[in-house]
Amino acid sequence: MPVSDVILLHLPWTILIVMSATVISTISGVVLGTISAKNRKKESDRIMMTGMIAFAEIPSFLLGLILLLIFSVYLRLFPLAGAVIPFANYNGPAEQILDISYHAFLPVLTLSLSQLTGVYLLTRNTLITVTTKDYIRTARAKGLGEKNVWIRHALRNALLPVVTRTGFTIGIMMGGVVLVENVFSYPGIGMTLRSAVVGRDYPLIQGILLVIAISILICNLLVDKIYGKLDPRVVI
């Protein structure tokens, strides 16, 4: 088969779990970071931050193995491998989407948890810095509610570094997906890359690495475009 055909066969599965994990980890990290920043110096903030930092030290492949043992081997809630049920006859698109989501749940959860701490810490620390600025004091002096101050003024300005990190996160996930896909035997680019390395299929290796590099460049371009929407002062 041509290299392009092999890549196009497996790339959609990787895009599915990487983009899903990026969205989940970013939203969860921003929400938890905001909660932690609002409760700064309280016991709940210390517990959350300590737990997040400790959790971040677990490698993604080890985290995947733990989730696989708990949810697939012992509890038997999710499948051990694959992206869909082999030779399944679906009654409609909804049933197919449900099956794909069912198989992708653990890989997406693993990737999301592995990147959650970075987004959380960045959001928390940036918000703490932003809330000391003069325009936050001015917003409060004008009588704006605390909810508006945090969401419309503090969080919006704190999102710029988070958006930057999201672009890097996708690049990190594209590298980490090699390990995660092999843990769950998920038929994406990561598992294909491993098979190509073992089989010394150099054209396929080069093709996959080229696709990963292009994907990272596209994500960084999109991040620059989003910058202009979040901060009108930034001219793209």
# chains A, B, ... in the order shown; residues from 1 in each chain; ligands from 1
$ residues_around --residues "Ser215 (chain A)" --least-positions-apart "4" --cutoff "8 Å" --atoms "only C-alpha atoms" --output "PyMOL selection string"
chain A and resi 171+211+219
$ residues_around --residues "Phe55 (chain A)" --least-positions-apart "5" --cutoff "9 Å" --atoms "only C-alpha atoms" --output "JSON, numbers by chain"
{"A": [50, 113, 114, 117]}
$ write_last_selection --atoms "N, CA and C atoms" --output "PDB file, in the first residue's frame"
ATOM      1  N   THR A  50      -1.619  19.967  45.739  1.00  0.00           N
ATOM      2  CA  THR A  50      -0.742  18.858  46.104  1.00  0.00           C
ATOM      3  C   THR A  50      -1.108  17.597  45.330  1.00  0.00           C
ATOM      4  N   LEU A 113      -5.916  13.129  31.442  1.00  0.00           N
ATOM      5  CA  LEU A 113      -5.358  13.195  32.797  1.00  0.00           C
ATOM      6  C   LEU A 113      -3.868  13.507  32.777  1.00  0.00           C
ATOM      7  N   SER A 114      -3.159  13.034  31.757  1.00  0.00           N
ATOM      8  CA  SER A 114      -1.716  13.276  31.689  1.00  0.00           C
ATOM      9  C   SER A 114      -1.389  14.746  31.424  1.00  0.00           C
ATOM     10  N   THR A 117      -2.787  18.533  34.696  1.00  0.00           N
ATOM     11  CA  THR A 117      -2.065  19.293  35.721  1.00  0.00           C
ATOM     12  C   THR A 117      -1.409  20.537  35.151  1.00  0.00           C
TER      13      THR A 117
END
$ residues_around --residues "Val163 (chain A)" --least-positions-apart "5" --cutoff "12 Å" --atoms "only C-alpha atoms" --output "list in words"
Thr22, Val23, Thr26, Ile27, Gly29, Val30, Val119, Leu122, Thr123, Leu155, Arg156, Asn157, Ala158, Phe168, Thr169, Ile170, Cys219, Asn220, Leu221, Leu222, Val223, Asp224, Lys225, Ile226, Tyr227, Gly228, Lys229, Leu230 and Asp231 of chain A
$ write_last_selection --atoms "N, CA and C atoms" --output "PDB file, in the first residue's frame"
ATOM      1  N   THR A  22      -7.575  16.946  24.220  1.00  0.00           N
ATOM      2  CA  THR A  22      -7.167  18.346  24.326  1.00  0.00           C
ATOM      3  C   THR A  22      -8.309  19.213  24.839  1.00  0.00           C
ATOM      4  N   VAL A  23      -9.496  19.017  24.292  1.00  0.00           N
ATOM      5  CA  VAL A  23     -10.661  19.792  24.720  1.00  0.00           C
ATOM      6  C   VAL A  23     -10.989  19.503  26.183  1.00  0.00           C
ATOM      7  N   THR A  26      -8.186  20.802  28.620  1.00  0.00           N
ATOM      8  CA  THR A  26      -8.137  22.267  28.675  1.00  0.00           C
ATOM      9  C   THR A  26      -9.309  22.832  29.470  1.00  0.00           C
ATOM     10  N   ILE A  27     -10.515  22.373  29.161  1.00  0.00           N
ATOM     11  CA  ILE A  27     -11.695  22.865  29.879  1.00  0.00           C
ATOM     12  C   ILE A  27     -11.621  22.495  31.361  1.00  0.00           C
ATOM     13  N   GLY A  29      -8.937  21.740  33.151  1.00  0.00           N
ATOM     14  CA  GLY A  29      -7.845  22.463  33.795  1.00  0.00           C
ATOM     15  C   GLY A  29      -8.185  23.908  34.081  1.00  0.00           C
ATOM     16  N   VAL A  30      -8.882  24.565  33.141  1.00  0.00           N
ATOM     17  CA  VAL A  30      -9.277  25.966  33.345  1.00  0.00           C
ATOM     18  C   VAL A  30     -10.283  26.077  34.487  1.00  0.00           C
ATOM     19  N   VAL A 119      -2.301  22.426  32.581  1.00  0.00           N
ATOM     20  CA  VAL A 119      -3.306  23.468  32.332  1.00  0.00           C
ATOM     21  C   VAL A 119      -3.804  24.043  33.651  1.00  0.00           C
ATOM     22  N   LEU A 122      -1.075  26.356  35.234  1.00  0.00           N
ATOM     23  CA  LEU A 122      -0.917  27.585  34.460  1.00  0.00           C
ATOM     24  C   LEU A 122      -2.100  28.522  34.667  1.00  0.00           C
ATOM     25  N   THR A 123      -3.314  27.982  34.655  1.00  0.00           N
ATOM     26  CA  THR A 123      -4.508  28.802  34.865  1.00  0.00           C
ATOM     27  C   THR A 123      -4.506  29.402  36.268  1.00  0.00           C
ATOM     28  N   LEU A 155     -10.378  36.036  33.877  1.00  0.00           N
ATOM     29  CA  LEU A 155     -10.198  34.785  33.132  1.00  0.00           C
ATOM     30  C   LEU A 155      -9.860  35.039  31.675  1.00  0.00           C
ATOM     31  N   ARG A 156     -10.496  36.027  31.066  1.00  0.00           N
ATOM     32  CA  ARG A 156     -10.240  36.290  29.651  1.00  0.00           C
ATOM     33  C   ARG A 156      -8.787  36.672  29.408  1.00  0.00           C
ATOM     34  N   ASN A 157      -8.213  37.468  30.293  1.00  0.00           N
ATOM     35  CA  ASN A 157      -6.801  37.842  30.153  1.00  0.00           C
ATOM     36  C   ASN A 157      -5.870  36.708  30.534  1.00  0.00           C
ATOM     37  N   ALA A 158      -6.330  35.829  31.417  1.00  0.00           N
ATOM     38  CA  ALA A 158      -5.492  34.701  31.834  1.00  0.00           C
ATOM     39  C   ALA A 158      -5.477  33.573  30.808  1.00  0.00           C
ATOM     40  N   PHE A 168       1.060  23.671  22.305  1.00  0.00           N
ATOM     41  CA  PHE A 168       2.142  22.764  22.663  1.00  0.00           C
ATOM     42  C   PHE A 168       1.605  21.427  23.158  1.00  0.00           C
ATOM     43  N   THR A 169       0.460  21.468  23.839  1.00  0.00           N
ATOM     44  CA  THR A 169      -0.135  20.245  24.373  1.00  0.00           C
ATOM     45  C   THR A 169      -0.462  19.258  23.263  1.00  0.00           C
ATOM     46  N   ILE A 170      -0.982  19.778  22.149  1.00  0.00           N
ATOM     47  CA  ILE A 170      -1.305  18.899  21.028  1.00  0.00           C
ATOM     48  C   ILE A 170      -0.037  18.235  20.503  1.00  0.00           C
ATOM     49  N   CYS A 219      -1.600  23.521  14.255  1.00  0.00           N
ATOM     50  CA  CYS A 219      -2.140  23.875  15.582  1.00  0.00           C
ATOM     51  C   CYS A 219      -1.564  25.197  16.079  1.00  0.00           C
ATOM     52  N   ASN A 220      -0.269  25.409  15.872  1.00  0.00           N
ATOM     53  CA  ASN A 220       0.345  26.666  16.290  1.00  0.00           C
ATOM     54  C   ASN A 220      -0.215  27.856  15.499  1.00  0.00           C
ATOM     55  N   LEU A 221      -0.514  27.632  14.214  1.00  0.00           N
ATOM     56  CA  LEU A 221      -1.121  28.684  13.403  1.00  0.00           C
ATOM     57  C   LEU A 221      -2.514  29.032  13.918  1.00  0.00           C
ATOM     58  N   LEU A 222      -3.294  28.003  14.266  1.00  0.00           N
ATOM     59  CA  LEU A 222      -4.633  28.238  14.801  1.00  0.00           C
ATOM     60  C   LEU A 222      -4.572  28.975  16.137  1.00  0.00           C
ATOM     61  N   VAL A 223      -3.565  28.642  16.956  1.00  0.00           N
ATOM     62  CA  VAL A 223      -3.396  29.337  18.240  1.00  0.00           C
ATOM     63  C   VAL A 223      -3.140  30.822  18.014  1.00  0.00           C
ATOM     64  N   ASP A 224      -2.316  31.149  17.029  1.00  0.00           N
ATOM     65  CA  ASP A 224      -2.043  32.560  16.722  1.00  0.00           C
ATOM     66  C   ASP A 224      -3.310  33.284  16.277  1.00  0.00           C
ATOM     67  N   LYS A 225      -4.163  32.593  15.523  1.00  0.00           N
ATOM     68  CA  LYS A 225      -5.417  33.199  15.074  1.00  0.00           C
ATOM     69  C   LYS A 225      -6.367  33.440  16.251  1.00  0.00           C
ATOM     70  N   ILE A 226      -6.401  32.496  17.182  1.00  0.00           N
ATOM     71  CA  ILE A 226      -7.272  32.643  18.355  1.00  0.00           C
ATOM     72  C   ILE A 226      -6.807  33.792  19.235  1.00  0.00           C
ATOM     73  N   TYR A 227      -5.492  34.045  19.248  1.00  0.00           N
ATOM     74  CA  TYR A 227      -4.938  35.162  20.026  1.00  0.00           C
ATOM     75  C   TYR A 227      -5.658  36.472  19.719  1.00  0.00           C
ATOM     76  N   GLY A 228      -5.836  36.726  18.408  1.00  0.00           N
ATOM     77  CA  GLY A 228      -6.459  37.976  17.994  1.00  0.00           C
ATOM     78  C   GLY A 228      -7.890  38.110  18.469  1.00  0.00           C
ATOM     79  N   LYS A 229      -8.591  36.988  18.636  1.00  0.00           N
ATOM     80  CA  LYS A 229      -9.970  37.023  19.125  1.00  0.00           C
ATOM     81  C   LYS A 229     -10.017  37.301  20.627  1.00  0.00           C
ATOM     82  N   LEU A 230      -9.054  36.731  21.359  1.00  0.00           N
ATOM     83  CA  LEU A 230      -9.046  36.910  22.810  1.00  0.00           C
ATOM     84  C   LEU A 230      -8.501  38.277  23.221  1.00  0.00           C
ATOM     85  N   ASP A 231      -7.505  38.757  22.472  1.00  0.00           N
ATOM     86  CA  ASP A 231      -6.880  40.042  22.814  1.00  0.00           C
ATOM     87  C   ASP A 231      -6.770  40.883  21.546  1.00  0.00           C
TER      88      ASP A 231
END
$ closest_residue --among "A:Met173, A:Ile214, A:Leu16, A:Leu159" --to "Leu127 (chain A)" --atoms "only C-alpha atoms"
A:Leu159
$ residues_around --residues "Val108 (chain A)" --least-positions-apart "4" --cutoff "7 Å" --atoms "only C-alpha atoms" --output "list in words"
Ile17, Ser20, Ala21, Ala104 and Ser112 of chain A
$ closest_residue --among "A:Gly33, A:Pro93, A:Pro59, A:Pro107" --to "Met19 (chain A)" --atoms "only C-alpha atoms"
A:Pro107
$ select_by_dssp --residues "region 10-93 of chain A" --states "alpha helix (DSSP H)" --output "VMD selection string"
chain A and resid 10 to 38 43 to 56 60 to 67 93
$ residues_around --residues "Leu67 (chain A)" --least-positions-apart "6" --cutoff "12 Å" --atoms "only C-alpha atoms" --output "ChimeraX atom specification"
/A:60-61,73-80,105-111,113,180,183-184
$ closest_residue --among "A:Asn182, A:Gly188, A:Ala213, A:His153" --to "Arg140 (chain A)" --atoms "only C-alpha atoms"
A:His153
$ closest_residue --among "A:Met49, A:Arg137, A:Trp13, A:Gly118" --to "Ser101 (chain A)" --atoms "only C-alpha atoms"
A:Trp13
$ atom_distance --atom1 "CA of Leu69 (chain A)" --atom2 "CA of Ala196 (chain A)"
27.2 Å
$ residues_around --residues "Ser195 (chain A)" --least-positions-apart "2" --cutoff "12 Å" --atoms "only C-alpha atoms" --output "mmCIF file with C-alpha atoms, in the first residue's frame"
data_model
loop_
_atom_site.group_PDB
_atom_site.id
_atom_site.type_symbol
_atom_site.label_atom_id
_atom_site.label_comp_id
_atom_site.auth_asym_id
_atom_site.auth_seq_id
_atom_site.Cartn_x
_atom_site.Cartn_y
_atom_site.Cartn_z
ATOM 1 C CA VAL A 6 -1.735 3.665 5.340
ATOM 2 C CA VAL A 178 2.483 6.430 20.581
ATOM 3 C CA GLU A 181 -2.209 3.673 21.660
ATOM 4 C CA ASN A 182 0.107 0.720 22.188
ATOM 5 C CA SER A 185 -3.957 -1.507 21.122
ATOM 6 C CA PRO A 187 -5.314 1.472 15.732
ATOM 7 C CA GLY A 188 -4.026 5.019 15.350
ATOM 8 C CA ILE A 189 -0.842 6.633 14.080
ATOM 9 C CA GLY A 190 1.051 5.781 17.281
ATOM 10 C CA MET A 191 0.512 2.049 16.963
ATOM 11 C CA THR A 192 1.262 2.223 13.232
ATOM 12 C CA LEU A 193 4.523 4.066 13.956
ATOM 13 C CA VAL A 197 9.811 0.905 13.551
ATOM 14 C CA VAL A 198 9.744 -2.799 14.417
ATOM 15 C CA GLY A 199 9.411 -3.718 10.733
ATOM 16 C CA ARG A 200 12.007 -1.101 9.648
ATOM 17 C CA ASP A 201 9.529 0.443 7.232
ATOM 18 C CA TYR A 202 11.454 3.692 6.774
ATOM 19 C CA LEU A 204 6.183 4.866 6.519
ATOM 20 C CA ILE A 205 8.165 6.207 9.496
ATOM 21 C CA ILE A 208 4.107 9.561 9.887
#
$ closest_residue --among "A:Thr166, A:Ala154, A:Ile58, A:Gly175" --to "Tyr120 (chain A)" --atoms "only C-alpha atoms"
A:Thr166
$ closest_residue --among "A:Ile218, A:Ile136, A:Leu116, A:Ile15" --to "Gly51 (chain A)" --atoms "only C-alpha atoms"
A:Leu116
$ residues_around --residues "Ser36 (chain A)" --least-positions-apart "3" --cutoff "10 Å" --atoms "only C-alpha atoms" --output "JSON, numbers by chain"
{"A": [30, 31, 32, 33, 39, 40, 41, 42, 44, 45, 46, 47, 48, 49, 120, 121, 123, 124, 125, 127, 128]}
$ decode --residues "region 60-179 of chain A" --atoms "C-alpha atoms" --output "PDB file, in the first residue's frame"
ATOM      1  CA  SER A  60       0.995   8.398  30.588  1.00  0.00           C
ATOM      2  CA  PHE A  61       1.752   4.759  29.710  1.00  0.00           C
ATOM      3  CA  LEU A  62       1.699   3.726  33.388  1.00  0.00           C
ATOM      4  CA  LEU A  63      -1.532   5.645  33.931  1.00  0.00           C
ATOM      5  CA  GLY A  64      -2.987   3.857  30.904  1.00  0.00           C
ATOM      6  CA  LEU A  65      -1.995   0.472  32.289  1.00  0.00           C
ATOM      7  CA  ILE A  66      -3.584   1.286  35.652  1.00  0.00           C
ATOM      8  CA  LEU A  67      -6.852   2.391  34.020  1.00  0.00           C
ATOM      9  CA  LEU A  68      -6.790  -0.683  31.771  1.00  0.00           C
ATOM     10  CA  LEU A  69      -6.341  -3.040  34.723  1.00  0.00           C
ATOM     11  CA  ILE A  70      -9.044  -1.373  36.819  1.00  0.00           C
ATOM     12  CA  PHE A  71     -11.770  -0.677  34.252  1.00  0.00           C
ATOM     13  CA  SER A  72     -11.135  -3.395  31.669  1.00  0.00           C
ATOM     14  CA  VAL A  73      -9.625  -6.354  33.530  1.00  0.00           C
ATOM     15  CA  TYR A  74     -11.188  -6.181  36.982  1.00  0.00           C
ATOM     16  CA  LEU A  75     -14.434  -4.252  36.470  1.00  0.00           C
ATOM     17  CA  ARG A  76     -14.888  -5.254  32.792  1.00  0.00           C
ATOM     18  CA  LEU A  77     -16.573  -1.962  31.987  1.00  0.00           C
ATOM     19  CA  PHE A  78     -14.536  -1.160  28.860  1.00  0.00           C
ATOM     20  CA  PRO A  79     -12.849  -3.213  26.107  1.00  0.00           C
ATOM     21  CA  LEU A  80      -9.210  -4.219  26.328  1.00  0.00           C
ATOM     22  CA  ALA A  81      -8.301  -3.255  22.760  1.00  0.00           C
ATOM     23  CA  GLY A  82      -9.496  -1.919  19.419  1.00  0.00           C
ATOM     24  CA  ALA A  83     -11.471   1.087  18.213  1.00  0.00           C
ATOM     25  CA  VAL A  84     -14.722  -0.666  17.249  1.00  0.00           C
ATOM     26  CA  ILE A  85     -16.331  -4.084  17.647  1.00  0.00           C
ATOM     27  CA  PRO A  86     -14.929  -6.288  14.847  1.00  0.00           C
ATOM     28  CA  PHE A  87     -17.406  -7.095  12.043  1.00  0.00           C
ATOM     29  CA  ALA A  88     -20.204  -5.239  13.846  1.00  0.00           C
ATOM     30  CA  ASN A  89     -23.474  -4.527  12.028  1.00  0.00           C
ATOM     31  CA  TYR A  90     -24.778  -1.184  13.262  1.00  0.00           C
ATOM     32  CA  ASN A  91     -28.451  -0.289  13.157  1.00  0.00           C
ATOM     33  CA  GLY A  92     -27.652   3.372  12.602  1.00  0.00           C
ATOM     34  CA  PRO A  93     -25.049   6.160  12.967  1.00  0.00           C
ATOM     35  CA  ALA A  94     -25.938   6.679  16.638  1.00  0.00           C
ATOM     36  CA  GLU A  95     -25.029   3.100  17.503  1.00  0.00           C
ATOM     37  CA  GLN A  96     -21.735   3.387  15.606  1.00  0.00           C
ATOM     38  CA  ILE A  97     -20.818   6.648  17.370  1.00  0.00           C
ATOM     39  CA  LEU A  98     -21.635   5.058  20.719  1.00  0.00           C
ATOM     40  CA  ASP A  99     -19.379   2.093  19.952  1.00  0.00           C
ATOM     41  CA  ILE A 100     -16.501   4.355  18.857  1.00  0.00           C
ATOM     42  CA  SER A 101     -16.895   6.483  22.003  1.00  0.00           C
ATOM     43  CA  TYR A 102     -17.008   3.350  24.145  1.00  0.00           C
ATOM     44  CA  HIS A 103     -13.666   2.111  22.790  1.00  0.00           C
ATOM     45  CA  ALA A 104     -12.046   5.576  22.828  1.00  0.00           C
ATOM     46  CA  PHE A 105     -13.034   6.409  26.420  1.00  0.00           C
ATOM     47  CA  LEU A 106      -9.975   5.015  28.218  1.00  0.00           C
ATOM     48  CA  PRO A 107      -7.349   6.327  25.724  1.00  0.00           C
ATOM     49  CA  VAL A 108      -8.971   9.785  25.837  1.00  0.00           C
ATOM     50  CA  LEU A 109      -9.148   9.685  29.642  1.00  0.00           C
ATOM     51  CA  THR A 110      -5.469   8.722  29.860  1.00  0.00           C
ATOM     52  CA  LEU A 111      -4.324  11.535  27.565  1.00  0.00           C
ATOM     53  CA  SER A 112      -6.599  14.043  29.318  1.00  0.00           C
ATOM     54  CA  LEU A 113      -5.358  13.195  32.797  1.00  0.00           C
ATOM     55  CA  SER A 114      -1.716  13.276  31.689  1.00  0.00           C
ATOM     56  CA  GLN A 115      -2.082  16.910  30.504  1.00  0.00           C
ATOM     57  CA  LEU A 116      -4.581  18.160  33.088  1.00  0.00           C
ATOM     58  CA  THR A 117      -2.065  19.293  35.721  1.00  0.00           C
ATOM     59  CA  GLY A 118      -0.165  21.580  33.360  1.00  0.00           C
ATOM     60  CA  VAL A 119      -3.306  23.468  32.332  1.00  0.00           C
ATOM     61  CA  TYR A 120      -4.501  23.617  35.942  1.00  0.00           C
ATOM     62  CA  LEU A 121      -1.257  25.094  37.304  1.00  0.00           C
ATOM     63  CA  LEU A 122      -0.917  27.585  34.460  1.00  0.00           C
ATOM     64  CA  THR A 123      -4.508  28.802  34.865  1.00  0.00           C
ATOM     65  CA  ARG A 124      -4.222  29.061  38.642  1.00  0.00           C
ATOM     66  CA  ASN A 125      -0.904  30.930  38.667  1.00  0.00           C
ATOM     67  CA  THR A 126      -1.897  33.264  35.826  1.00  0.00           C
ATOM     68  CA  LEU A 127      -5.210  34.120  37.486  1.00  0.00           C
ATOM     69  CA  ILE A 128      -3.483  34.877  40.786  1.00  0.00           C
ATOM     70  CA  THR A 129      -1.166  37.288  38.937  1.00  0.00           C
ATOM     71  CA  VAL A 130      -3.966  38.866  36.880  1.00  0.00           C
ATOM     72  CA  THR A 131      -6.187  39.518  39.911  1.00  0.00           C
ATOM     73  CA  THR A 132      -3.510  41.811  41.387  1.00  0.00           C
ATOM     74  CA  LYS A 133      -3.646  44.158  38.365  1.00  0.00           C
ATOM     75  CA  ASP A 134      -5.098  47.663  38.511  1.00  0.00           C
ATOM     76  CA  TYR A 135      -7.908  46.999  36.007  1.00  0.00           C
ATOM     77  CA  ILE A 136      -9.291  44.281  38.300  1.00  0.00           C
ATOM     78  CA  ARG A 137      -9.409  46.767  41.189  1.00  0.00           C
ATOM     79  CA  THR A 138     -11.079  49.283  38.872  1.00  0.00           C
ATOM     80  CA  ALA A 139     -13.701  46.717  37.807  1.00  0.00           C
ATOM     81  CA  ARG A 140     -14.503  45.982  41.440  1.00  0.00           C
ATOM     82  CA  ALA A 141     -14.562  49.711  42.274  1.00  0.00           C
ATOM     83  CA  LYS A 142     -17.175  50.232  39.553  1.00  0.00           C
ATOM     84  CA  GLY A 143     -19.441  47.839  41.407  1.00  0.00           C
ATOM     85  CA  LEU A 144     -19.225  44.871  39.018  1.00  0.00           C
ATOM     86  CA  GLY A 145     -20.200  41.555  40.527  1.00  0.00           C
ATOM     87  CA  GLU A 146     -17.466  39.128  41.499  1.00  0.00           C
ATOM     88  CA  LYS A 147     -18.632  36.682  38.835  1.00  0.00           C
ATOM     89  CA  ASN A 148     -18.251  39.284  36.074  1.00  0.00           C
ATOM     90  CA  VAL A 149     -14.853  40.340  37.403  1.00  0.00           C
ATOM     91  CA  TRP A 150     -13.527  36.787  37.325  1.00  0.00           C
ATOM     92  CA  ILE A 151     -15.037  35.673  34.010  1.00  0.00           C
ATOM     93  CA  ARG A 152     -15.037  38.814  31.820  1.00  0.00           C
ATOM     94  CA  HIS A 153     -11.858  40.478  33.102  1.00  0.00           C
ATOM     95  CA  ALA A 154      -9.578  38.069  34.958  1.00  0.00           C
ATOM     96  CA  LEU A 155     -10.198  34.785  33.132  1.00  0.00           C
ATOM     97  CA  ARG A 156     -10.240  36.290  29.651  1.00  0.00           C
ATOM     98  CA  ASN A 157      -6.801  37.842  30.153  1.00  0.00           C
ATOM     99  CA  ALA A 158      -5.492  34.701  31.834  1.00  0.00           C
ATOM    100  CA  LEU A 159      -6.491  32.533  28.859  1.00  0.00           C
ATOM    101  CA  LEU A 160      -3.720  33.813  26.566  1.00  0.00           C
ATOM    102  CA  PRO A 161      -0.945  31.644  28.052  1.00  0.00           C
ATOM    103  CA  VAL A 162      -3.421  28.756  28.330  1.00  0.00           C
ATOM    104  CA  VAL A 163      -4.155  29.000  24.601  1.00  0.00           C
ATOM    105  CA  THR A 164      -0.416  29.027  23.918  1.00  0.00           C
ATOM    106  CA  ARG A 165       0.057  25.918  25.987  1.00  0.00           C
ATOM    107  CA  THR A 166      -2.815  24.194  24.217  1.00  0.00           C
ATOM    108  CA  GLY A 167      -0.855  24.372  20.967  1.00  0.00           C
ATOM    109  CA  PHE A 168       2.142  22.764  22.663  1.00  0.00           C
ATOM    110  CA  THR A 169      -0.135  20.245  24.373  1.00  0.00           C
ATOM    111  CA  ILE A 170      -1.305  18.899  21.028  1.00  0.00           C
ATOM    112  CA  GLY A 171       2.324  18.422  20.020  1.00  0.00           C
ATOM    113  CA  ILE A 172       3.087  16.636  23.301  1.00  0.00           C
ATOM    114  CA  MET A 173       0.021  14.436  22.872  1.00  0.00           C
ATOM    115  CA  MET A 174       1.029  13.503  19.337  1.00  0.00           C
ATOM    116  CA  GLY A 175       4.252  12.151  20.840  1.00  0.00           C
ATOM    117  CA  GLY A 176       2.605  10.571  23.886  1.00  0.00           C
ATOM    118  CA  VAL A 177      -0.112   8.953  21.793  1.00  0.00           C
ATOM    119  CA  VAL A 178       2.483   6.430  20.581  1.00  0.00           C
ATOM    120  CA  LEU A 179       2.691   4.924  24.070  1.00  0.00           C
TER     121      LEU A 179
END
